[in-house]
Each structure stands twice: as structure tokens, then as C-alpha cells.
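Peer 1: Next comes coords_32.cif, mmCIF, N, CA and C atoms:
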```cif
data_protein
loop_
_atom_site.label_atom_id
_atom_site.label_comp_id
_atom_site.auth_asym_id
_atom_site.auth_seq_id
_atom_site.Cartn_x
_atom_site.Cartn_y
_atom_site.Cartn_z
N MET L 1 8.87 0.83 -0.72
CA MET L 1 7.96 0.59 0.36
C MET L 1 7.64 -0.90 0.38
N ASN L 2 7.62 -1.46 1.55
CA ASN L 2 7.25 -2.86 1.74
C ASN L 2 5.86 -2.91 2.36
N VAL L 3 5.03 -3.83 1.84
CA VAL L 3 3.66 -3.95 2.33
C VAL L 3 3.38 -5.42 2.62
N GLN L 4 2.72 -5.66 3.75
CA GLN L 4 2.24 -7.00 4.09
C GLN L 4 0.76 -6.89 4.41
N PHE L 5 -0.02 -7.80 3.82
CA PHE L 5 -1.46 -7.81 4.06
C PHE L 5 -1.81 -8.94 5.01
N ASN L 6 -2.77 -8.68 5.89
CA ASN L 6 -3.28 -9.69 6.79
C ASN L 6 -4.80 -9.66 6.65
N GLU L 7 -5.31 -10.50 5.77
CA GLU L 7 -6.74 -10.49 5.49
C GLU L 7 -7.56 -10.94 6.69
N ALA L 8 -7.03 -11.87 7.47
CA ALA L 8 -7.76 -12.37 8.64
C ALA L 8 -8.03 -11.25 9.65
N ASN L 9 -7.10 -10.29 9.75
CA ASN L 9 -7.24 -9.17 10.67
C ASN L 9 -7.66 -7.87 9.99
N ASN L 10 -7.86 -7.93 8.66
CA ASN L 10 -8.23 -6.74 7.88
C ASN L 10 -7.25 -5.59 8.08
N THR L 11 -5.95 -5.90 7.97
CA THR L 11 -4.93 -4.87 8.13
C THR L 11 -3.88 -4.94 7.02
N ALA L 12 -3.22 -3.80 6.84
CA ALA L 12 -2.05 -3.71 5.97
C ALA L 12 -0.94 -3.10 6.80
N THR L 13 0.24 -3.68 6.72
CA THR L 13 1.40 -3.13 7.41
C THR L 13 2.37 -2.68 6.33
N TYR L 14 2.75 -1.42 6.36
CA TYR L 14 3.70 -0.94 5.37
C TYR L 14 4.87 -0.25 6.07
N SER L 15 6.04 -0.37 5.44
CA SER L 15 7.25 0.20 6.03
C SER L 15 8.08 0.85 4.93
N PHE L 16 8.82 1.88 5.35
CA PHE L 16 9.69 2.60 4.43
C PHE L 16 10.69 3.39 5.27
N THR L 17 11.71 3.92 4.61
CA THR L 17 12.71 4.74 5.28
C THR L 17 12.55 6.17 4.78
N LEU L 18 12.48 7.11 5.71
CA LEU L 18 12.35 8.52 5.36
C LEU L 18 13.31 9.31 6.23
N GLY L 19 14.21 10.03 5.59
CA GLY L 19 15.19 10.82 6.34
C GLY L 19 16.10 9.97 7.20
N GLY L 20 16.37 8.74 6.75
CA GLY L 20 17.24 7.85 7.50
C GLY L 20 16.57 7.14 8.66
N ILE L 21 15.28 7.35 8.81
CA ILE L 21 14.53 6.72 9.90
C ILE L 21 13.57 5.69 9.32
N ASP L 22 13.63 4.46 9.84
CA ASP L 22 12.71 3.41 9.42
C ASP L 22 11.35 3.65 10.06
N ARG L 23 10.32 3.57 9.26
CA ARG L 23 8.96 3.79 9.75
C ARG L 23 8.09 2.60 9.36
N THR L 24 7.25 2.16 10.28
CA THR L 24 6.33 1.05 10.04
C THR L 24 4.97 1.42 10.60
N TYR L 25 3.94 1.18 9.78
CA TYR L 25 2.57 1.49 10.19
C TYR L 25 1.67 0.30 9.88
N THR L 26 0.76 0.00 10.79
CA THR L 26 -0.28 -1.00 10.55
C THR L 26 -1.60 -0.26 10.57
N VAL L 27 -2.36 -0.40 9.49
CA VAL L 27 -3.60 0.35 9.32
C VAL L 27 -4.72 -0.59 8.88
N PRO L 28 -5.97 -0.17 9.06
CA PRO L 28 -7.09 -0.97 8.57
C PRO L 28 -7.04 -1.08 7.04
N ALA L 29 -7.46 -2.22 6.53
CA ALA L 29 -7.49 -2.43 5.08
C ALA L 29 -8.82 -3.09 4.72
N ALA L 30 -9.29 -2.78 3.50
CA ALA L 30 -10.52 -3.38 2.99
C ALA L 30 -10.14 -4.37 1.89
N PHE L 31 -10.55 -5.61 2.06
CA PHE L 31 -10.22 -6.68 1.11
C PHE L 31 -11.47 -7.03 0.31
N SER L 32 -11.32 -7.05 -1.00
CA SER L 32 -12.40 -7.53 -1.87
C SER L 32 -11.81 -8.62 -2.76
N VAL L 33 -12.62 -9.13 -3.62
CA VAL L 33 -12.17 -10.22 -4.50
C VAL L 33 -11.02 -9.78 -5.39
N ASP L 34 -11.06 -8.53 -5.88
CA ASP L 34 -10.07 -8.10 -6.86
C ASP L 34 -9.11 -7.02 -6.39
N ARG L 35 -9.28 -6.50 -5.14
CA ARG L 35 -8.36 -5.45 -4.70
C ARG L 35 -8.29 -5.35 -3.18
N VAL L 36 -7.22 -4.69 -2.74
CA VAL L 36 -7.04 -4.37 -1.31
C VAL L 36 -6.84 -2.86 -1.25
N THR L 37 -7.56 -2.20 -0.35
CA THR L 37 -7.47 -0.75 -0.23
C THR L 37 -7.08 -0.40 1.20
N PHE L 38 -6.10 0.49 1.34
CA PHE L 38 -5.69 1.00 2.65
C PHE L 38 -5.13 2.39 2.47
N ASN L 39 -5.42 3.27 3.45
CA ASN L 39 -5.03 4.68 3.35
C ASN L 39 -5.40 5.19 1.96
N SER L 40 -4.48 5.69 1.21
CA SER L 40 -4.79 6.19 -0.13
C SER L 40 -4.33 5.22 -1.22
N PHE L 41 -4.04 3.98 -0.85
CA PHE L 41 -3.53 2.98 -1.79
C PHE L 41 -4.60 1.97 -2.17
N THR L 42 -4.55 1.53 -3.42
CA THR L 42 -5.36 0.40 -3.88
C THR L 42 -4.43 -0.53 -4.64
N VAL L 43 -4.41 -1.81 -4.24
CA VAL L 43 -3.56 -2.81 -4.88
C VAL L 43 -4.46 -3.86 -5.53
N SER L 44 -4.22 -4.13 -6.80
CA SER L 44 -4.98 -5.14 -7.52
C SER L 44 -4.51 -6.53 -7.09
N ARG L 45 -5.46 -7.38 -6.74
CA ARG L 45 -5.12 -8.76 -6.39
C ARG L 45 -4.95 -9.60 -7.65
N ILE L 46 -5.30 -9.05 -8.79
CA ILE L 46 -5.24 -9.78 -10.06
C ILE L 46 -3.88 -9.63 -10.73
N ASP L 47 -3.43 -8.38 -10.90
CA ASP L 47 -2.16 -8.17 -11.61
C ASP L 47 -1.11 -7.41 -10.80
N LEU L 48 -1.38 -7.17 -9.50
CA LEU L 48 -0.46 -6.52 -8.57
C LEU L 48 -0.10 -5.08 -8.94
N THR L 49 -0.94 -4.42 -9.75
CA THR L 49 -0.73 -3.00 -9.99
C THR L 49 -1.26 -2.23 -8.78
N PHE L 50 -0.76 -1.01 -8.60
CA PHE L 50 -1.27 -0.21 -7.50
C PHE L 50 -1.53 1.22 -7.96
N GLU L 51 -2.40 1.88 -7.21
CA GLU L 51 -2.66 3.30 -7.40
C GLU L 51 -2.56 3.97 -6.03
N ARG L 52 -2.02 5.17 -6.02
CA ARG L 52 -2.00 5.98 -4.81
C ARG L 52 -2.64 7.31 -5.15
N ASP L 53 -3.71 7.64 -4.47
CA ASP L 53 -4.44 8.88 -4.70
C ASP L 53 -3.89 9.96 -3.78
N ASN L 54 -3.24 10.95 -4.37
CA ASN L 54 -2.62 12.03 -3.61
C ASN L 54 -3.51 13.26 -3.50
N ALA L 55 -4.81 13.10 -3.69
CA ALA L 55 -5.71 14.26 -3.70
C ALA L 55 -5.59 15.09 -2.44
N LYS L 56 -5.44 14.47 -1.29
CA LYS L 56 -5.34 15.22 -0.03
C LYS L 56 -4.10 16.11 -0.01
N LEU L 57 -3.05 15.70 -0.69
CA LEU L 57 -1.83 16.50 -0.73
C LEU L 57 -1.97 17.73 -1.61
N TYR L 58 -2.90 17.68 -2.55
CA TYR L 58 -3.02 18.74 -3.54
C TYR L 58 -4.32 19.53 -3.40
N ASP L 59 -4.99 19.42 -2.26
CA ASP L 59 -6.24 20.14 -2.04
C ASP L 59 -6.06 21.65 -2.00
N LEU L 60 -4.89 22.12 -1.78
CA LEU L 60 -4.67 23.55 -1.62
C LEU L 60 -4.46 24.26 -2.95
N GLY L 61 -5.28 23.93 -3.93
CA GLY L 61 -5.23 24.63 -5.21
C GLY L 61 -4.53 23.89 -6.32
N GLY L 62 -3.81 22.83 -6.00
CA GLY L 62 -3.14 22.06 -7.05
C GLY L 62 -4.04 20.98 -7.60
N MET L 63 -3.64 20.39 -8.67
CA MET L 63 -4.43 19.32 -9.27
C MET L 63 -4.17 18.02 -8.51
N ALA L 64 -5.21 17.24 -8.35
CA ALA L 64 -5.06 15.93 -7.72
C ALA L 64 -4.21 15.05 -8.64
N ARG L 65 -3.40 14.23 -8.03
CA ARG L 65 -2.55 13.32 -8.79
C ARG L 65 -2.75 11.90 -8.30
N VAL L 66 -2.71 10.98 -9.23
CA VAL L 66 -2.79 9.56 -8.90
C VAL L 66 -1.54 8.90 -9.44
N ASP L 67 -0.77 8.28 -8.54
CA ASP L 67 0.42 7.54 -8.94
C ASP L 67 0.01 6.12 -9.29
N HIS L 68 0.68 5.56 -10.28
CA HIS L 68 0.44 4.18 -10.69
C HIS L 68 1.77 3.43 -10.64
N GLY L 69 1.72 2.15 -10.33
CA GLY L 69 2.94 1.37 -10.29
C GLY L 69 2.66 -0.12 -10.31
N GLN L 70 3.71 -0.88 -10.20
CA GLN L 70 3.62 -2.33 -10.24
C GLN L 70 4.27 -2.91 -9.00
N CYS L 71 3.55 -3.75 -8.28
CA CYS L 71 4.10 -4.42 -7.11
C CYS L 71 4.87 -5.65 -7.54
N VAL L 72 5.82 -6.04 -6.72
CA VAL L 72 6.58 -7.27 -6.92
C VAL L 72 6.42 -8.12 -5.67
N LYS L 73 6.02 -9.35 -5.86
CA LYS L 73 5.83 -10.26 -4.73
C LYS L 73 7.19 -10.79 -4.29
N ALA L 74 7.52 -10.58 -3.02
CA ALA L 74 8.80 -11.04 -2.48
C ALA L 74 8.74 -12.55 -2.26
N ALA L 75 9.88 -13.18 -2.41
CA ALA L 75 9.97 -14.62 -2.14
C ALA L 75 9.73 -14.88 -0.66
N ALA L 76 9.03 -15.94 -0.36
CA ALA L 76 8.76 -16.30 1.03
C ALA L 76 10.06 -16.68 1.73
N LYS L 77 10.23 -16.21 2.96
CA LYS L 77 11.41 -16.57 3.74
C LYS L 77 11.04 -17.71 4.67
N ARG L 78 11.91 -18.69 4.71
CA ARG L 78 11.67 -19.86 5.58
C ARG L 78 12.46 -19.71 6.87
N ALA L 79 11.88 -20.14 7.94
CA ALA L 79 12.55 -20.08 9.24
C ALA L 79 13.71 -21.05 9.34
N PHE L 80 13.64 -22.16 8.62
CA PHE L 80 14.71 -23.17 8.65
C PHE L 80 14.74 -23.93 7.36
#
```
Show me this structure written as C-alpha cells.
Peer 2:
Amino acid sequence: MNVQFNEANNTATYSFTLGGIDRTYTVPAAFSVDRVTFNSFTVSRIDLTFERDNAKLYDLGGMARVDHGQCVKAAAKRAF
């Protein structure tokens, strides 16, 4: 999944491919000094770790699960 944050507009844009179809969503995001939160994701601004809370997926009797991972900052692309 690719994520771009726009703090000036308080949004996060994320994209991924599912079933061979590219999908892109721009959603509201909350920015604080140490983290950015959008949808069910929280990304640390300090060490780029992330958590995804899947509780809504498991409300039907299953246990809530929280995924943890590490983000990688992509190199900036120059126009010229």
C-alpha cells in the first residue's frame, strides 16, 4: 500500500491493487506531533511504525486484531 499525507489539507491518500484493479482513496486524517491517524491506521511520525485496527472486521464474534508494521519512506521523485 502506498500512502501520501497532506498535512495542509488534513488528508491521507492511499492506493493499492486488489483483484487486479488499482484503487486510490483520499480520506480525512488527523495530524499530531507524534502520529497521523486515518481510517483504521495510525502511523508514527517518530519511527514510521504503523498499526491497523481491524476491530470492525471481527465484530461478529471474532477477536479484534491489530496489525503492526514498518513504513518505508520512498525517495522523492524530481520532475527534471
Peer 1: Would you give me, as a list of chain:residue names, the residues in chain L that DSSP reads as helix (DSSP H, G or I)?
Peer 2: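 Listing helix (DSSP H, G or I) positions across chain L yields L:Glu7, L:Ala8, L:Asn9, L:Ala55, L:Lys56, L:Leu57, L:Tyr58.
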Peer 1: Enumerate the residues of chain L with a DSSP assignment of strand (DSSP E), computed from the backbone, and present them as a ChimeraX atom specification.
Peer 2: /L:2-6,11-18,21-28,30-31,35-38,41-44,49-53,66-70
Peer 1: Residues picked by the PyMOL selection byres (((chain L and resi 67 and name CA) around 9) and name CA) here, as a PyMOL selection string?
Peer 2: chain L and resi 50-54+65-66+68-69
Peer 1: Applying the PyMOL selection byres (((chain L and resi 4 and name CA) around 12) and name CA) to the file I just gave you, which residues come out? Please list them as an MDAnalysis selection string.
Peer 2: chainID L and resid 1:3 5:7 9:15 24:29 36 38 43 71:74 76
Peer 1: Need to verify the contact set: L:Ser44, 5 Å, only N, CA and C atoms, exclusion of same-chain residues closer than 4 positions in sequence. Can you return it as a PDB file with N, CA and C atoms, keeping the file's coordinate frame?
Peer 2:
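And here's out.pdb as it stands now:
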```pdb
ATOM      1  N   ASP L  34     -11.060  -8.530  -5.880  1.00  0.00           N
ATOM      2  CA  ASP L  34     -10.070  -8.100  -6.860  1.00  0.00           C
ATOM      3  C   ASP L  34      -9.110  -7.020  -6.390  1.00  0.00           C
ATOM      4  N   ARG L  35      -9.280  -6.500  -5.140  1.00  0.00           N
ATOM      5  CA  ARG L  35      -8.360  -5.450  -4.700  1.00  0.00           C
ATOM      6  C   ARG L  35      -8.290  -5.350  -3.180  1.00  0.00           C
ATOM      7  N   LEU L  48      -1.380  -7.170  -9.500  1.00  0.00           N
ATOM      8  CA  LEU L  48      -0.460  -6.520  -8.570  1.00  0.00           C
ATOM      9  C   LEU L  48      -0.100  -5.080  -8.940  1.00  0.00           C
ATOM     10  N   THR L  49      -0.940  -4.420  -9.750  1.00  0.00           N
ATOM     11  CA  THR L  49      -0.730  -3.000  -9.990  1.00  0.00           C
ATOM     12  C   THR L  49      -1.260  -2.230  -8.780  1.00  0.00           C
ATOM     13  N   PHE L  50      -0.760  -1.010  -8.600  1.00  0.00           N
ATOM     14  CA  PHE L  50      -1.270  -0.210  -7.500  1.00  0.00           C
ATOM     15  C   PHE L  50      -1.530   1.220  -7.960  1.00  0.00           C
TER      16      PHE L  50
END
```
Peer 1: Around stretch 38-47 of chain L, with edges along x, y and z and 5 Å added on all six sides, what centre and edge lengths do you get, in Å to one decimal, as lines of an AutoDock Vina configuration file?
Peer 2:
```
center_x = -3.6
center_y = -1.8
center_z = -4.1
size_x = 15.0
size_y = 26.0
size_z = 25.1
```
Peer 1: Quick one: pull the distance between atom CA of L:Ser40 and atom C of L:Ala55, Å, one decimal.
Peer 2: 9.2 Å
Peer 1: Can you work out the spacing between atom C of L:Ser32 and atom CA of L:Ile46 in Å, to one decimal?
Peer 2: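 Between these atoms lies a distance of 9.9 Å.
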Peer 1: Please report the interatomic distance between atom CA of L:Thr17 and atom CA of L:Phe41 in Å with one decimal.
Peer 2: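 Between atom CA of L:Thr17 and atom CA of L:Phe41 the gap is 17.8 Å.
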